[in-house]
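Q: Dropping the structure in here first, questions after.
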Amino acid sequence: QVQLVESGGGLVQAGDSLRLSCAASGGTVSRLGWFRQAPGKEREFVAAITWSGLNTYYADSTKGRFTISRDNAKNTVYLQMNSLKPEDTAVYYCASYYRSIWSDWGQGTQVTVSS
């Protein structure tokens with residue numbers, strides 16, 4: 001089982017930037033990703049990166065504004081979020097992917113964007 005600990009959420013204004021971090025430990029991972037869930041909505045995919053860091057994937061709603069990256073030495077994945085919008089408000093979750101499923105999840109970190 002992979003342990004995932006997110007950090008970096010907070011309250012910002014529209015147009016601001018924020019960087020989320022996810023520290024991973026234990027288990028086997030082929031990808032790490034970010035998902036988010038807004039009140040009353042289903043959890044949705046935001047971005048993912050392969051363990052090698054060579055491939056990244058983005059949701060259409062975040063492409064061009066969000067950047068996922070990783071630090072191999074720290075086993076940490078980052079989500080740099082720029083030009084934030086009120087509709088980006090959600091709880092952001094880090095997840096690990098192995099053998100075709102997102103198998104482990106962090107506890108989530110709240111991101112609130114005020115207009």
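By convention in this document, the chains of the structure tokens carry letters A, B, ... by their order, each chain's residues are numbered from 1, and ligands are numbered from 1 in the order they are shown.
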Do a neighbour search on Ile68 in chain A at 9 Å with only C-alpha atoms, toss out local chain neighbours closer than 6 positions, and write the hits as a PDB file with C-alpha atoms, in the first residue's frame.

A:
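File written: part-v8.pdb
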ATOM      1  CA  GLY A  33      -2.073  11.781 -10.177  1.00  0.00           C
ATOM      2  CA  TRP A  34      -4.278  14.544  -8.867  1.00  0.00           C
ATOM      3  CA  ALA A  47      -3.484  15.549 -14.006  1.00  0.00           C
ATOM      4  CA  ALA A  48      -1.099  12.600 -13.808  1.00  0.00           C
ATOM      5  CA  ILE A  49       2.548  11.809 -14.322  1.00  0.00           C
ATOM      6  CA  THR A  56       2.145  13.752 -18.256  1.00  0.00           C
ATOM      7  CA  TYR A  57      -1.602  13.817 -18.695  1.00  0.00           C
ATOM      8  CA  TYR A  58      -4.078  16.637 -18.125  1.00  0.00           C
ATOM      9  CA  VAL A  77       4.747  15.058  -6.938  1.00  0.00           C
ATOM     10  CA  TYR A  78       3.745  18.666  -7.372  1.00  0.00           C
ATOM     11  CA  LEU A  79       0.778  20.369  -8.972  1.00  0.00           C
ATOM     12  CA  GLN A  80       1.509  23.953  -9.917  1.00  0.00           C
ATOM     13  CA  MET A  81      -1.780  25.756 -10.436  1.00  0.00           C
TER      14      MET A  81
END

Q: List every residue of range 22-78 of chain A that has an atom at most 9 Å from any atom of range 86-89 of chain A, and for each one report the closest atom pair and its distance in Å to one decimal, counting only C-alpha atoms, with rows sorted by chain and then by increasing residue number, as CSV.

A:
residue,atom,partner,partner_atom,distance
A:Arg36,CA,A:Asp88,CA,8.6
A:Gln37,CA,A:Thr89,CA,8.5
A:Ala38,CA,A:Thr89,CA,6.4
A:Pro39,CA,A:Thr89,CA,8.8
A:Thr62,CA,A:Asp88,CA,9.0

Q: Suppose we keep C-alpha atoms; can you now write the selection as a short mmCIF file (atom, residue, chain, number, x, y, z; two decimals), in the first residue's frame?

A:
data_model
loop_
_atom_site.label_atom_id
_atom_site.label_comp_id
_atom_site.auth_asym_id
_atom_site.auth_seq_id
_atom_site.Cartn_x
_atom_site.Cartn_y
_atom_site.Cartn_z
CA ARG A 36 -10.48 16.99 -7.26
CA GLN A 37 -13.98 16.98 -5.90
CA ALA A 38 -16.13 20.06 -5.59
CA PRO A 39 -19.19 20.16 -3.32
CA THR A 62 -6.65 22.38 -16.52
#

Q: For Gly64 in chain A, which residue among A:Asn82, A:Gln110, A:Thr50, A:Ser100 is the nearest when counting only C-alpha atoms?

A: A:Asn82

Q: Nearest to Cys22 in chain A: which of A:Ser83, A:Thr67, A:Gln3, A:Asn55 is it, counting only C-alpha atoms?

A: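 Answer, going by the shortest atom-to-atom distance: A:Gln3.
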
Q: Rounded to one decimal in Å, what is the spacing between CA of Arg70 in chain A and CA of Asp16 in chain A?

A: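 Computing the Euclidean distance for CA of Arg70 in chain A and CA of Asp16 in chain A yields 21.7 Å.
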
Q: Using only C-alpha atoms, which residues sit within 9 Å of range 52-54 of chain A once same-chain residues fewer than 3 positions away are excluded, as a PyMOL selection string?

A: chain A and resi 30-31+49+69-72

Q: Between CA of Ser115 in chain A and CA of Lys85 in chain A, measure the distance and give it in Å to one decimal.

A: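 Between CA of Ser115 in chain A and CA of Lys85 in chain A the gap works out to 7.5 Å.
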
Q: Identify, on the basis of only C-alpha atoms, every residue whose closest approach to Arg99 in chain A does not exceed 12 Å; exclude the query and any residue fewer than 2 positions from it along the same chain; express the result as a list in words.

A: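 In the requested format, the answer is Thr28, Val29, Ser30, Arg31, Ser96, Tyr97, Ile101, Trp102, Ser103 and Asp104 of chain A.
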